[in-house]
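Let me begin by presenting the structure, written as structure tokens, before commenting on it.
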Amino acid sequence: MNKVIETEDLTKKFGKVTAVKNVSLTVNKGEIYGFLGLNGAGKTTTIRILTGMIAPTKGSAYISGKKIKRGDYATWKSVGCIVEVPYSYPDLTVYENLDIMRRLKGISDKNSVKLIMDKLKLTEYSGRKAGHLSLGNSQRLGLAKAMMHDPEILILDEPSNGLDPEGIVETRELLQNLSKNHSVTIFISSHILGEISKIADRIGIIHKGELIQEINSNELDNLVKKRLLIRTRDNISACKLLKKKGYNPHMNKKDNYLEMTDEESLNSPEVIATKLVALAVPPQSLFIEEEDLESYFLRVIRQKENNYE
Amino acid sequence: MNKFRASLYAEYLKIIRSKVLIATAAALSLGPIMGSLFVVVLRSASLTESNSLLQSKAAFTGFSPDWQSFLNLLTQVIGVGGVIVFGFAASWVFGREYSDRTAKDLFVLPVSRSLIVISKFIAVLGWSIFLCIEILLLGIITGFILHLPGWSGRLFFVSLYHFSITSFLVILLCTPVAFIASAGKGYLAPLGFVVLSVVLAQIIGALGYGTYFPWAIPAIYSKIIGTQSILNWQSYLILALTSILGLFGTIYWWKYADQTN
């Protein structure tokens with residue numbers, strides 16, 4: 001695999017506060033890496049180091065094998081970035097904002113402004129001053145500026161912020177297309193696991209500056225907690241009878257369910273249903289509930305916090 | 001070279017589209033307008049009686065209703081007002097990138113940060129020169145409308161020389177303002193600095209050390225206290241060093257400081 005983005009033992013301290021601590025990660029060519037963390041977890045600091053805006057206190061960051069240093073500028077020819085909320089010059093129109101970016105990025109094709117406006121559905125706002133755009137359209141303009149030079153690498157800090165549901169889906173499809181069909185490497189941060197899991201190939205969870213977990217998104221399904229929930233006319237009797245048969249159900253009094261989490265029950269819920277019918281406590285409802293991604297995310301973070309304590 | 005042109009064009013567009021350009025032009029226009037008012041008041045006996053404060057002010061500045069005084073006044077306006085208005089321009093060109101949070105886009109461009117800073121300084125220079133030309137033209141037009149006596153080609157060129165040197169000295173003082181705008185991440189800190197520097201120039205000037213205080217030197221050069229002969233080579237060296245420190249400090253800041261805004 002071709003490493004495109006790499007950090008080694010990345011640490012950044014602001015006075016006594018450690019914003020990022022020993023973060024080592026790699027993103028391979030054409031991969032979408034979701035960088036997940038709560039607000040203040042260290043996502044933006046990591047992105048600022050990756051984009052050469054701040055220097056790490058310890059460790060290094062590399063893009064395409066080249067060590068990132070403040071003041072280096074050649075690297076940014078092939079990288080597009082959004083750092084925090086994107087802002088544009090409020091007195092300039094959408095077209096003018098993009099046109100000055102086109103010139104500064106050395107794109108000779110004047111048509112590139114029109115193309116990127118079409119791609120991000122900004123054409124109808126072409127003559128509108130950036131200061132008068134909605135939050136969603138400001139975000140689109142930020143994405144347009146980041147993508148207009150067809151970069152090989154995209155570093156995007158919460159790119160879905162402020163977008164409406166349609167905009168979120170469009171952006172997701174756009175990024176997936178860039179990754180799958182054009183081998184663009186994408187590093188994308190968010191605090192919403194549900195959103196990240198739909199797009200990322202790999203997910204890194206950062207909490208209190210530390211990278212606490214890295215997972216492939218296809219593994220996510222195995223990591224989220226599952227439970228078999230059963231409701232009968234007499235849950236207490238059903239619970240006792242199942243225990244006699246060697247199962248280990250729990251009473252969930254709050255939701256009035258029997259709860260089973262063992263692998264056998266989760267893999268064969270129809271066997272449990274058959275047994276309950278045979279025991280004369282047939283299930284009124286029986287289903288497998290999966291922990292949602294946000295709960296999983298919070299559980300991982302809390303586990304880490306318990307470890308700290 | 002293309003990147004340099006692109007960077008200059010970006011700065012030009014930002015300035016042209018902003019209302020601040022008009023505000024600074026309007027602020028400096030007060031100079032010729034004030035001069036015209038002095039002329040009208042001093043010429044009119046009835047107005048002089050009813051505007052004794054204005055008369056006293058005109059007398060205090062040694063103003064007389066002729067071309068010599070009028071052109072001197074324009075130079076003095078640049079010597080004092082220019083520190084504020086050109087400083088405001090530098091505050092805006094550098095500080096707005098932080099206040100509007102657009103600076104972070106500039107740090108991830110395939111363009112040298114030094115080149116961006118130099119483009120910004122050229123923009124401040126162009127803006128300041130535009131303002132100088134504006135008040136000079138406004139002053140000359142106003143002077144001819146008022147039929148001021150004493151015009152001569154020699155007087156004009158001598159005055160133009162003093163006006164240009166004063167303007168140049170003031171423009172040199174924009175670099176520390178740019179540094180404070182960058183380090184202060186906005187335009188409030190440099191505006192405070194500009195006001196403070198003008199106040200300090202008055203105090204230090206009154207104490208007799210104005211020749212060694214960079215922000216008092218252009219005003220002294222503009223003959224605001226009657227003579228410029230008290231300036232010495234150390235005065236110009238101090239001003240030049242202040243400017244160079246501001247220039248390199250700003251470049252260093254943009255290239256090497258942590259950009260957390």
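Following the order of the structure tokens, first chain is A, next is B, and so on, with residues numbered from 1 inside each chain and ligands from 1 in the order they appear.
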
Which residues of chain B come within 6 Å of chain A, and for each one, what is the closest pair of atoms and their distance in Å to one decimal, counting only C-alpha atoms, sorted by chain and residue number, as a tab-separated table?
```
residue	atom	partner	partner_atom	distance
B:Lys3	CA	A:Leu104	CA	5.8
B:Ala6	CA	A:Arg103	CA	5.3
B:Ala10	CA	A:Ile100	CA	5.6
B:Arg17	CA	A:Asp91	CA	5.9
B:Thr102	CA	A:Tyr87	CA	5.6
B:Val108	CA	A:Trp76	CA	5.8
B:Leu109	CA	A:Trp76	CA	5.7
B:Pro110	CA	A:Tyr73	CA	4.8
B:Val111	CA	A:Tyr73	CA	5.8
B:Ser112	CA	A:Tyr73	CA	5.8
B:Lys255	CA	A:Gly71	CA	4.7
B:Tyr256	CA	A:Arg70	CA	5.8
B:Asp258	CA	A:Ile54	CA	4.3
B:Gln259	CA	A:Met53	CA	5.1
```

Written file, previous selection with N, CA, C and O atoms, as a PDB file, in the first residue's frame:
```pdb
ATOM      1  N   LYS B   3       2.324  33.720 -10.001  1.00  0.00           N
ATOM      2  CA  LYS B   3       1.790  33.639  -8.641  1.00  0.00           C
ATOM      3  C   LYS B   3       1.835  35.020  -7.982  1.00  0.00           C
ATOM      4  O   LYS B   3       0.927  35.389  -7.252  1.00  0.00           O
ATOM      5  N   ALA B   6      -0.847  37.003  -9.434  1.00  0.00           N
ATOM      6  CA  ALA B   6      -2.132  36.522  -8.901  1.00  0.00           C
ATOM      7  C   ALA B   6      -2.351  37.035  -7.482  1.00  0.00           C
ATOM      8  O   ALA B   6      -3.454  37.460  -7.120  1.00  0.00           O
ATOM      9  N   ALA B  10      -5.261  39.531  -6.223  1.00  0.00           N
ATOM     10  CA  ALA B  10      -6.169  39.181  -5.123  1.00  0.00           C
ATOM     11  C   ALA B  10      -6.248  40.336  -4.128  1.00  0.00           C
ATOM     12  O   ALA B  10      -7.343  40.725  -3.697  1.00  0.00           O
ATOM     13  N   ARG B  17     -13.042  46.150  -3.600  1.00  0.00           N
ATOM     14  CA  ARG B  17     -14.407  45.746  -3.238  1.00  0.00           C
ATOM     15  C   ARG B  17     -14.799  46.183  -1.822  1.00  0.00           C
ATOM     16  O   ARG B  17     -15.951  46.056  -1.434  1.00  0.00           O
ATOM     17  N   THR B 102      -9.997  34.161   6.960  1.00  0.00           N
ATOM     18  CA  THR B 102      -9.616  33.705   5.625  1.00  0.00           C
ATOM     19  C   THR B 102      -8.120  33.391   5.544  1.00  0.00           C
ATOM     20  O   THR B 102      -7.667  32.829   4.542  1.00  0.00           O
ATOM     21  N   VAL B 108      -2.408  27.390   2.979  1.00  0.00           N
ATOM     22  CA  VAL B 108      -2.360  26.094   2.275  1.00  0.00           C
ATOM     23  C   VAL B 108      -2.410  26.308   0.760  1.00  0.00           C
ATOM     24  O   VAL B 108      -2.912  25.470   0.018  1.00  0.00           O
ATOM     25  N   LEU B 109      -1.880  27.431   0.338  1.00  0.00           N
ATOM     26  CA  LEU B 109      -1.781  27.689  -1.100  1.00  0.00           C
ATOM     27  C   LEU B 109      -0.393  27.286  -1.592  1.00  0.00           C
ATOM     28  O   LEU B 109       0.573  27.378  -0.837  1.00  0.00           O
ATOM     29  N   PRO B 110      -0.312  26.883  -2.856  1.00  0.00           N
ATOM     30  CA  PRO B 110       1.033  26.593  -3.388  1.00  0.00           C
ATOM     31  C   PRO B 110       1.771  27.882  -3.751  1.00  0.00           C
ATOM     32  O   PRO B 110       2.292  28.049  -4.856  1.00  0.00           O
ATOM     33  N   VAL B 111       1.736  28.822  -2.817  1.00  0.00           N
ATOM     34  CA  VAL B 111       2.375  30.130  -3.015  1.00  0.00           C
ATOM     35  C   VAL B 111       3.178  30.422  -1.751  1.00  0.00           C
ATOM     36  O   VAL B 111       2.688  30.196  -0.642  1.00  0.00           O
ATOM     37  N   SER B 112       4.391  30.921  -1.935  1.00  0.00           N
ATOM     38  CA  SER B 112       5.236  31.232  -0.785  1.00  0.00           C
ATOM     39  C   SER B 112       4.544  32.268   0.109  1.00  0.00           C
ATOM     40  O   SER B 112       3.987  33.250  -0.376  1.00  0.00           O
ATOM     41  N   LYS B 255       5.544  33.072   8.087  1.00  0.00           N
ATOM     42  CA  LYS B 255       6.216  31.830   7.669  1.00  0.00           C
ATOM     43  C   LYS B 255       6.355  30.818   8.793  1.00  0.00           C
ATOM     44  O   LYS B 255       6.200  29.621   8.577  1.00  0.00           O
ATOM     45  N   TYR B 256       6.660  31.299  10.001  1.00  0.00           N
ATOM     46  CA  TYR B 256       7.085  30.351  11.027  1.00  0.00           C
ATOM     47  C   TYR B 256       6.223  30.290  12.294  1.00  0.00           C
ATOM     48  O   TYR B 256       6.388  29.367  13.085  1.00  0.00           O
ATOM     49  N   ASP B 258       3.045  29.601  14.753  1.00  0.00           N
ATOM     50  CA  ASP B 258       1.888  28.701  14.754  1.00  0.00           C
ATOM     51  C   ASP B 258       0.644  29.510  14.394  1.00  0.00           C
ATOM     52  O   ASP B 258       0.386  30.552  14.993  1.00  0.00           O
ATOM     53  N   GLN B 259      -0.091  29.020  13.417  1.00  0.00           N
ATOM     54  CA  GLN B 259      -1.295  29.734  12.975  1.00  0.00           C
ATOM     55  C   GLN B 259      -2.507  28.983  13.535  1.00  0.00           C
ATOM     56  O   GLN B 259      -2.958  28.007  12.965  1.00  0.00           O
TER      57      GLN B 259
END
```

Practice problem: Apply DSSP to the backbone of this structure and, from segment 147-253 of chain A, keep only the residues in alpha helix (DSSP H); write these as a VMD selection string. | Solution: chain A and resid 147 165 to 182 193 to 199 220 to 223 235 to 244

| task | With a distance cut-off of 6 Å and only C-alpha atoms, select the neighbouring residues of segment 78-94 of chain B, excluding the residue or stretch itself and same-chain residues fewer than 3 positions from it, and output the selection as an MDAnalysis selection string. | result | chainID B and resid 75 97 124 128 166 170 174 178 181 187 190 194 218:219 222

Could you write out, as a count of residues only, all the residues of segment 229-260 of chain A that DSSP marks as strand (DSSP E)?
-> 11

Need to verify the contact set: Ala41 of chain A, 7 Å, only C-alpha atoms, exclusion of same-chain residues closer than 3 positions in sequence. Can you return it as a JSON list (two decimals) with N, CA, C and O atoms, in the first residue's frame?
```json
[["chain", "number", "residue", "atom", "x", "y", "z"],
["A", 37, "GLY", "N", -13.95, 12.31, 16.50],
["A", 37, "GLY", "CA", -13.70, 12.73, 17.88],
["A", 37, "GLY", "C", -14.70, 13.78, 18.30],
["A", 37, "GLY", "O", -15.30, 14.45, 17.45],
["A", 38, "LEU", "N", -14.89, 13.89, 19.60],
["A", 38, "LEU", "CA", -15.79, 14.92, 20.11],
["A", 38, "LEU", "C", -15.15, 16.29, 19.87],
["A", 38, "LEU", "O", -13.97, 16.37, 19.52],
["A", 206, "ILE", "N", -10.29, 9.66, 17.99],
["A", 206, "ILE", "CA", -9.37, 10.44, 18.83],
["A", 206, "ILE", "C", -10.15, 10.98, 20.02],
["A", 206, "ILE", "O", -11.29, 11.43, 19.87],
["A", 207, "HIS", "N", -9.55, 10.86, 21.18],
["A", 207, "HIS", "CA", -10.20, 11.37, 22.39],
["A", 207, "HIS", "C", -9.13, 11.94, 23.31],
["A", 207, "HIS", "O", -8.12, 11.30, 23.56],
["A", 208, "LYS", "N", -9.39, 13.16, 23.77],
["A", 208, "LYS", "CA", -8.43, 13.88, 24.62],
["A", 208, "LYS", "C", -7.03, 13.83, 24.03],
["A", 208, "LYS", "O", -6.04, 13.61, 24.72],
["A", 209, "GLY", "N", -6.97, 14.01, 22.71],
["A", 209, "GLY", "CA", -5.68, 14.10, 22.02],
["A", 209, "GLY", "C", -5.05, 12.76, 21.66],
["A", 209, "GLY", "O", -4.04, 12.73, 20.97]]
```

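Residues in contact with Gly186 of chain B at up to 7 Å, not including ones fewer than 4 positions away on its chain and judged by only C-alpha atoms, are B:Gly95, B:Arg96, B:Tyr98, B:Ser99, B:Ala181, B:Ser182.
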
message: List as an MDAnalysis selection string the protein and nucleic acid residues near segment 271-276 of chain A, meaning an atom at most 12 Å away when only C-alpha atoms are counted, but skip any in the same chain fewer than 2 places from it.
response: chainID A and resid 228:235 237:249 258:260 262 264:269 278:287

key: Distance in Å - atom CA of Val40 of chain B versus atom CA of Leu155 of chain B   =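 Atom-to-atom, atom CA of Val40 of chain B and atom CA of Leu155 of chain B are spaced 21.8 Å apart.
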
**OP:** Would you mind listing what lies within 8 Å of Ile63 of chain A as an MDAnalysis selection string, with only C-alpha atoms counted and same-chain residues fewer than 4 positions away left out?
**Re:** chainID A and resid 4:6 50 67:68 75

task: State, in Å with one decimal place, the distance from atom CA of Tyr252 of chain B to atom CA of Tyr62 of chain A.
output: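 Going from atom CA of Tyr252 of chain B over to atom CA of Tyr62 of chain A, I get 23.0 Å.
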
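For the atom pair formed by atom CA of Phe156 of chain B and atom CA of Arg43 of chain B, the distance is 22.4 Å, given to one decimal.
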